[in-house]
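Containing PDB, C-alpha atoms: coords25.pdb.
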```pdb
ATOM      1  CA  MET G1079     -13.181  -3.497  18.969  1.00  0.00           C
ATOM      2  CA  GLU G1080     -15.491  -0.794  17.660  1.00  0.00           C
ATOM      3  CA  LYS G1081     -16.463  -0.461  14.010  1.00  0.00           C
ATOM      4  CA  ARG G1082     -16.551   2.997  12.457  1.00  0.00           C
ATOM      5  CA  GLU G1083     -17.267   4.168   8.915  1.00  0.00           C
ATOM      6  CA  VAL G1084     -15.970   6.882   6.670  1.00  0.00           C
ATOM      7  CA  ASN G1085     -18.567   8.335   4.309  1.00  0.00           C
ATOM      8  CA  ILE G1086     -17.903  10.656   1.412  1.00  0.00           C
ATOM      9  CA  ASP G1087     -20.514  13.096   0.193  1.00  0.00           C
ATOM     10  CA  TYR G1088     -20.122  14.265  -3.401  1.00  0.00           C
ATOM     11  CA  PHE G1089     -22.172  15.656  -6.251  1.00  0.00           C
ATOM     12  CA  VAL G1090     -22.413  14.301  -9.791  1.00  0.00           C
ATOM     13  CA  CYS G1091     -22.815  16.754 -12.669  1.00  0.00           C
ATOM     14  CA  ARG G1092     -23.844  14.984 -15.864  1.00  0.00           C
ATOM     15  CA  ASN G1093     -22.819  16.554 -19.166  1.00  0.00           C
ATOM     16  CA  SER G1094     -21.944  19.825 -17.441  1.00  0.00           C
ATOM     17  CA  PHE G1095     -19.541  21.418 -15.000  1.00  0.00           C
ATOM     18  CA  PRO G1096     -20.540  22.404 -11.462  1.00  0.00           C
ATOM     19  CA  GLU G1097     -22.290  25.759 -11.415  1.00  0.00           C
ATOM     20  CA  GLY G1098     -19.855  28.614 -10.900  1.00  0.00           C
ATOM     21  CA  TYR G1099     -16.852  26.523 -11.926  1.00  0.00           C
ATOM     22  CA  GLU G1100     -17.308  26.426 -15.698  1.00  0.00           C
ATOM     23  CA  SER G1101     -14.319  28.646 -16.543  1.00  0.00           C
ATOM     24  CA  LEU G1102     -12.101  26.900 -13.982  1.00  0.00           C
ATOM     25  CA  CYS G1103     -12.922  23.535 -15.564  1.00  0.00           C
ATOM     26  CA  ARG G1104     -12.171  24.859 -19.044  1.00  0.00           C
ATOM     27  CA  ALA G1105      -8.828  26.169 -17.730  1.00  0.00           C
ATOM     28  CA  ALA G1106      -7.966  22.695 -16.393  1.00  0.00           C
ATOM     29  CA  ILE G1107      -8.792  21.104 -19.750  1.00  0.00           C
ATOM     30  CA  GLU G1108      -6.671  23.689 -21.569  1.00  0.00           C
ATOM     31  CA  ALA G1109      -3.802  23.142 -19.112  1.00  0.00           C
ATOM     32  CA  SER G1110      -3.766  19.443 -20.048  1.00  0.00           C
ATOM     33  CA  ARG G1111      -2.563  20.486 -23.513  1.00  0.00           C
ATOM     34  CA  LYS G1112       0.679  21.704 -21.887  1.00  0.00           C
ATOM     35  CA  ALA G1113       1.433  18.357 -20.238  1.00  0.00           C
ATOM     36  CA  TYR G1114       4.766  16.731 -20.947  1.00  0.00           C
ATOM     37  CA  CYS G1115       3.674  13.098 -20.924  1.00  0.00           C
ATOM     38  CA  VAL G1116       5.833  11.370 -23.507  1.00  0.00           C
ATOM     39  CA  TYR G1117       6.211   8.228 -21.354  1.00  0.00           C
ATOM     40  CA  SER G1118       2.660   7.601 -20.152  1.00  0.00           C
ATOM     41  CA  GLY G1119       0.598   9.446 -22.767  1.00  0.00           C
ATOM     42  CA  PHE G1120      -1.605  10.482 -19.823  1.00  0.00           C
ATOM     43  CA  ALA G1121      -2.125  14.273 -20.015  1.00  0.00           C
ATOM     44  CA  VAL G1122      -3.519  15.925 -16.910  1.00  0.00           C
ATOM     45  CA  GLY G1123      -4.363  19.576 -16.357  1.00  0.00           C
ATOM     46  CA  ALA G1124      -5.244  21.322 -13.122  1.00  0.00           C
ATOM     47  CA  ALA G1125      -6.693  24.768 -12.463  1.00  0.00           C
ATOM     48  CA  LEU G1126      -6.600  26.254  -8.999  1.00  0.00           C
ATOM     49  CA  LEU G1127      -8.849  29.099  -7.836  1.00  0.00           C
ATOM     50  CA  LEU G1128      -7.464  31.206  -4.991  1.00  0.00           C
ATOM     51  CA  ASP G1129      -9.542  33.227  -2.551  1.00  0.00           C
ATOM     52  CA  ASP G1130      -8.701  36.480  -4.372  1.00  0.00           C
ATOM     53  CA  GLY G1131      -9.921  35.143  -7.740  1.00  0.00           C
ATOM     54  CA  THR G1132      -6.466  34.296  -9.102  1.00  0.00           C
ATOM     55  CA  VAL G1133      -6.402  31.170 -11.275  1.00  0.00           C
ATOM     56  CA  ILE G1134      -3.226  29.092 -11.426  1.00  0.00           C
ATOM     57  CA  THR G1135      -2.862  26.209 -13.843  1.00  0.00           C
ATOM     58  CA  GLY G1136      -0.529  23.252 -13.906  1.00  0.00           C
ATOM     59  CA  SER G1137       0.052  20.156 -15.986  1.00  0.00           C
ATOM     60  CA  ASN G1138       1.866  16.918 -15.367  1.00  0.00           C
ATOM     61  CA  GLN G1139       5.549  16.970 -16.263  1.00  0.00           C
ATOM     62  CA  GLU G1140       7.174  13.567 -16.711  1.00  0.00           C
ATOM     63  CA  ASN G1141      10.843  12.657 -16.602  1.00  0.00           C
ATOM     64  CA  ALA G1142      12.774   9.601 -17.762  1.00  0.00           C
ATOM     65  CA  ALA G1143      14.196   9.338 -14.240  1.00  0.00           C
ATOM     66  CA  TYR G1144      10.861   8.306 -12.751  1.00  0.00           C
ATOM     67  CA  PRO G1145       9.607   9.447 -10.199  1.00  0.00           C
ATOM     68  CA  SER G1146      11.270  12.800 -10.840  1.00  0.00           C
ATOM     69  CA  GLY G1147       8.187  14.098 -12.672  1.00  0.00           C
ATOM     70  CA  MET G1148       5.365  16.069 -11.117  1.00  0.00           C
ATOM     71  CA  CYS G1149       1.583  15.707 -11.196  1.00  0.00           C
ATOM     72  CA  ALA G1150      -0.576  18.581 -12.458  1.00  0.00           C
ATOM     73  CA  GLU G1151      -2.240  19.044  -9.078  1.00  0.00           C
ATOM     74  CA  ARG G1152       1.026  19.443  -7.179  1.00  0.00           C
ATOM     75  CA  THR G1153       2.455  21.676  -9.913  1.00  0.00           C
ATOM     76  CA  ALA G1154      -0.438  24.123  -9.354  1.00  0.00           C
ATOM     77  CA  LEU G1155      -0.541  23.770  -5.548  1.00  0.00           C
ATOM     78  CA  PHE G1156       3.214  24.248  -5.109  1.00  0.00           C
ATOM     79  CA  HIS G1157       3.184  27.262  -7.450  1.00  0.00           C
ATOM     80  CA  ALA G1158       0.384  28.794  -5.379  1.00  0.00           C
ATOM     81  CA  GLY G1159       2.270  28.135  -2.146  1.00  0.00           C
ATOM     82  CA  ALA G1160       5.471  29.672  -3.519  1.00  0.00           C
ATOM     83  CA  GLN G1161       3.987  32.681  -5.311  1.00  0.00           C
ATOM     84  CA  HIS G1162       0.828  33.360  -3.259  1.00  0.00           C
ATOM     85  CA  PRO G1163       1.628  32.030   0.250  1.00  0.00           C
ATOM     86  CA  GLY G1164      -1.017  34.092   2.030  1.00  0.00           C
ATOM     87  CA  ARG G1165      -3.863  33.014  -0.269  1.00  0.00           C
ATOM     88  CA  SER G1166      -6.098  30.059   0.454  1.00  0.00           C
ATOM     89  CA  VAL G1167      -7.490  27.707  -2.171  1.00  0.00           C
ATOM     90  CA  LYS G1168     -11.202  27.905  -3.009  1.00  0.00           C
ATOM     91  CA  ALA G1169     -11.321  25.175  -5.653  1.00  0.00           C
ATOM     92  CA  LEU G1170      -9.185  22.848  -7.738  1.00  0.00           C
ATOM     93  CA  ALA G1171     -10.356  21.374 -11.050  1.00  0.00           C
ATOM     94  CA  ILE G1172      -8.581  18.329 -12.524  1.00  0.00           C
ATOM     95  CA  ALA G1173      -8.939  16.990 -16.067  1.00  0.00           C
ATOM     96  CA  ALA G1174      -7.230  13.936 -17.554  1.00  0.00           C
ATOM     97  CA  CYS G1175      -7.468  14.421 -21.314  1.00  0.00           C
ATOM     98  CA  ARG G1176      -6.525  13.025 -24.652  1.00  0.00           C
ATOM     99  CA  ASP G1177      -5.996  15.751 -27.264  1.00  0.00           C
ATOM    100  CA  GLY G1178      -7.784  18.275 -25.059  1.00  0.00           C
ATOM    101  CA  ILE G1179     -10.875  16.097 -24.590  1.00  0.00           C
ATOM    102  CA  PRO G1180     -11.561  14.797 -21.074  1.00  0.00           C
ATOM    103  CA  ARG G1181     -11.535  11.044 -20.628  1.00  0.00           C
ATOM    104  CA  GLU G1182     -14.960   9.405 -20.165  1.00  0.00           C
ATOM    105  CA  GLU G1183     -14.621   8.936 -16.410  1.00  0.00           C
ATOM    106  CA  PRO G1184     -13.212  11.513 -14.003  1.00  0.00           C
ATOM    107  CA  VAL G1185      -9.728  10.713 -12.716  1.00  0.00           C
ATOM    108  CA  ALA G1186      -8.954  11.112  -9.016  1.00  0.00           C
ATOM    109  CA  PRO G1187      -5.648  12.469  -7.693  1.00  0.00           C
ATOM    110  CA  CYS G1188      -2.858  10.125  -6.614  1.00  0.00           C
ATOM    111  CA  GLY G1189      -2.035   9.624  -2.944  1.00  0.00           C
ATOM    112  CA  ALA G1190       0.854  12.108  -2.976  1.00  0.00           C
ATOM    113  CA  CYS G1191      -1.423  14.818  -4.396  1.00  0.00           C
ATOM    114  CA  ARG G1192      -4.075  14.009  -1.804  1.00  0.00           C
ATOM    115  CA  GLN G1193      -1.517  14.464   0.968  1.00  0.00           C
ATOM    116  CA  VAL G1194      -0.416  17.822  -0.478  1.00  0.00           C
ATOM    117  CA  MET G1195      -4.078  18.870  -0.596  1.00  0.00           C
ATOM    118  CA  ALA G1196      -4.440  17.858   3.066  1.00  0.00           C
ATOM    119  CA  GLU G1197      -1.383  19.957   3.952  1.00  0.00           C
ATOM    120  CA  THR G1198      -2.826  22.899   1.992  1.00  0.00           C
ATOM    121  CA  ILE G1199      -6.060  22.615   3.990  1.00  0.00           C
ATOM    122  CA  LYS G1200      -4.099  22.481   7.237  1.00  0.00           C
ATOM    123  CA  ARG G1201      -1.851  25.388   6.214  1.00  0.00           C
ATOM    124  CA  HIS G1202      -4.770  27.725   5.485  1.00  0.00           C
ATOM    125  CA  ARG G1203      -7.299  26.169   7.879  1.00  0.00           C
ATOM    126  CA  ARG G1204      -9.785  25.989   5.025  1.00  0.00           C
ATOM    127  CA  ASP G1205     -11.163  23.086   2.987  1.00  0.00           C
ATOM    128  CA  PHE G1206     -11.778  23.562  -0.726  1.00  0.00           C
ATOM    129  CA  ASP G1207     -13.891  22.190  -3.540  1.00  0.00           C
ATOM    130  CA  LEU G1208     -12.360  19.597  -5.817  1.00  0.00           C
ATOM    131  CA  ILE G1209     -13.812  19.116  -9.300  1.00  0.00           C
ATOM    132  CA  LEU G1210     -12.933  15.879 -11.085  1.00  0.00           C
ATOM    133  CA  ILE G1211     -13.752  16.370 -14.752  1.00  0.00           C
ATOM    134  CA  GLY G1212     -14.990  13.582 -17.006  1.00  0.00           C
ATOM    135  CA  ASN G1213     -16.496  13.711 -20.476  1.00  0.00           C
ATOM    136  CA  ARG G1214     -19.697  12.021 -19.341  1.00  0.00           C
ATOM    137  CA  GLU G1215     -19.898  13.416 -15.839  1.00  0.00           C
ATOM    138  CA  SER G1216     -17.926  15.527 -13.389  1.00  0.00           C
ATOM    139  CA  LEU G1217     -17.715  15.090  -9.642  1.00  0.00           C
ATOM    140  CA  LEU G1218     -17.678  17.801  -6.988  1.00  0.00           C
ATOM    141  CA  VAL G1219     -16.281  16.809  -3.601  1.00  0.00           C
ATOM    142  CA  LYS G1220     -14.507  18.482  -0.698  1.00  0.00           C
ATOM    143  CA  ALA G1221     -10.752  17.923  -0.926  1.00  0.00           C
ATOM    144  CA  SER G1222     -10.621  16.710   2.680  1.00  0.00           C
ATOM    145  CA  ALA G1223     -12.933  13.812   1.841  1.00  0.00           C
ATOM    146  CA  LEU G1224     -10.348  12.095  -0.384  1.00  0.00           C
ATOM    147  CA  LEU G1225      -7.846  11.394   2.385  1.00  0.00           C
ATOM    148  CA  PRO G1226      -9.626  10.917   5.702  1.00  0.00           C
ATOM    149  CA  PHE G1227      -6.529   9.606   7.540  1.00  0.00           C
ATOM    150  CA  THR G1228      -3.837  12.109   6.635  1.00  0.00           C
ATOM    151  CA  PHE G1229      -0.206  12.031   7.637  1.00  0.00           C
ATOM    152  CA  THR G1230       0.286  14.844  10.123  1.00  0.00           C
ATOM    153  CA  LEU G1231       3.016  16.150  12.352  1.00  0.00           C
ATOM    154  CA  PRO G1232       2.510  18.118  15.555  1.00  0.00           C
ATOM    155  CA  ASP G1233       1.976  21.831  15.013  1.00  0.00           C
ATOM    156  CA  THR G1234       5.134  23.898  15.042  1.00  0.00           C
ATOM    157  CA  LYS G1235       5.806  27.596  15.268  1.00  0.00           C
ATOM    158  CA  ASN G1236       6.055  27.862  11.468  1.00  0.00           C
ATOM    159  CA  ALA G1237       2.886  25.902  10.664  1.00  0.00           C
TER
END
```
Now that the file is in, can you turn its structure into structure tokens?
Amino acid sequence: MEKREVNIDYFVCRNSFPEGYESLCRAAIEASRKAYCVYSGFAVGAALLLDDGTVITGSNQENAAYPSGMCAERTALFHAGAQHPGRSVKALAIAACRDGIPREEPVAPCGACRQVMAETIKRHRRDFDLILIGNRESLLVKASALLPFTFTLPDTKNA
């Protein structure tokens, strides 16, 4: 048996957003105000920056028939895939908020969102920056770092 390690490099931005991503982070916070979260009270906003400068926002949308709802991250990523299929993602900012104010600690995406991010990277053959917004500090990490052992299928003609 051979031991191996997985290391994650990330940056911490205290009391500020990562340089160059200020407006994207503000868009994610604003998107959280559009969340439909009557069951959990957990409002999440996401803002996605495409390679052509387009910004797409999404918010979580809950449903009484759980798990029929959708996370903010997947709302934005699926919209981008449907409406801008030839565009790759440059960055994705995520903010979990209460009344438009980010929670103290940054919130990381769920496993399903991480898998969709991995598929997005595979689809466009390009990793992207992920900004996890907190009131005290924000984190900047490559999206690929959050799910080192992704679920993959063999390449097909349509991939």
What is the distance between atom CA of Glu1140 of chain G and atom CA of Gln1161 of chain G, in Å to one decimal?
->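 Computed distance, atom CA of Glu1140 of chain G to atom CA of Gln1161 of chain G, equals 22.5 Å.
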What do you get, as a PyMOL selection string, if you spell out every residue that the PyMOL selection byres ((chain G and resi 1095-1109) around 9) selects here?
-> chain G and resi 1089-1094+1110-1113+1122-1127+1133-1137+1150+1169-1175+1178-1180+1209-1211+1215-1218
Given 5 Å of margin on each side, can you work out the centre and size in Å (one decimal) of an axis-aligned box holding every listed atom of segment 1130-1143 of chain G, as lines of an AutoDock Vina configuration file?
```
center_x = 2.1
center_y = 22.9
center_z = -11.1
size_x = 34.1
size_y = 37.1
size_z = 23.4
```
Exercise: residues within 9 Å of coordinate (-2.9, 23.7, -3.3), counting all atoms listed in the file, as a ChimeraX atom specification = /G:1126,1128,1151-1159,1166-1167,1169-1170,1194-1199
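Of the listed residues (G:Phe1206, G:Leu1225, G:Gln1139, G:Lys1168), G:Leu1225 comes nearest to Ala1186 of chain G; the distances count all atoms listed in the file.
As for atom CA of Asn1085 of chain G and atom CA of His1202 of chain G, they are spaced 23.8 Å apart.
Here atom CA of Ser1118 of chain G is placed at a distance of 28.3 Å from atom CA of Phe1229 of chain G.
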Who sits within 12 Å of Glu1083 of chain G, all atoms listed in the file, same chain under 3 positions skipped, as a ChimeraX atom specification = /G:1080,1086,1226
Please save C-alpha atoms of the selected residues as a PDB file, in the coordinates of the input.
```pdb
ATOM      1  CA  GLU G1080     -15.491  -0.794  17.660  1.00  0.00           C
ATOM      2  CA  ILE G1086     -17.903  10.656   1.412  1.00  0.00           C
ATOM      3  CA  PRO G1226      -9.626  10.917   5.702  1.00  0.00           C
TER       4      PRO G1226
END
```
Shortest interatomic distance to Arg1165 of chain G - which of G:Pro1187, G:Gln1193, G:Arg1203, G:Pro1145, counting all atoms listed in the file = G:Arg1203
Have a look at G:Gly1212, G:Asp1087, G:Tyr1114, G:Asp1130 and name the one nearest to Glu1182 of chain G; count all atoms listed in the file.
->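 Checking each candidate against Glu1182 of chain G, we get G:Gly1212 as the closest.
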Selected residue, from G:Tyr1088, G:Cys1149, G:Ala1143, G:Asp1177, that lies nearest to Asp1207 of chain G when counting all atoms listed in the file | G:Tyr1088
In terms of the shortest atom-to-atom distance over all atoms listed in the file, which of G:Asp1129, G:Val1185, G:Met1148, G:Ala1142 is closest to Gly1164 of chain G?
->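 Closest residue, counting all atoms listed in the file: G:Asp1129.
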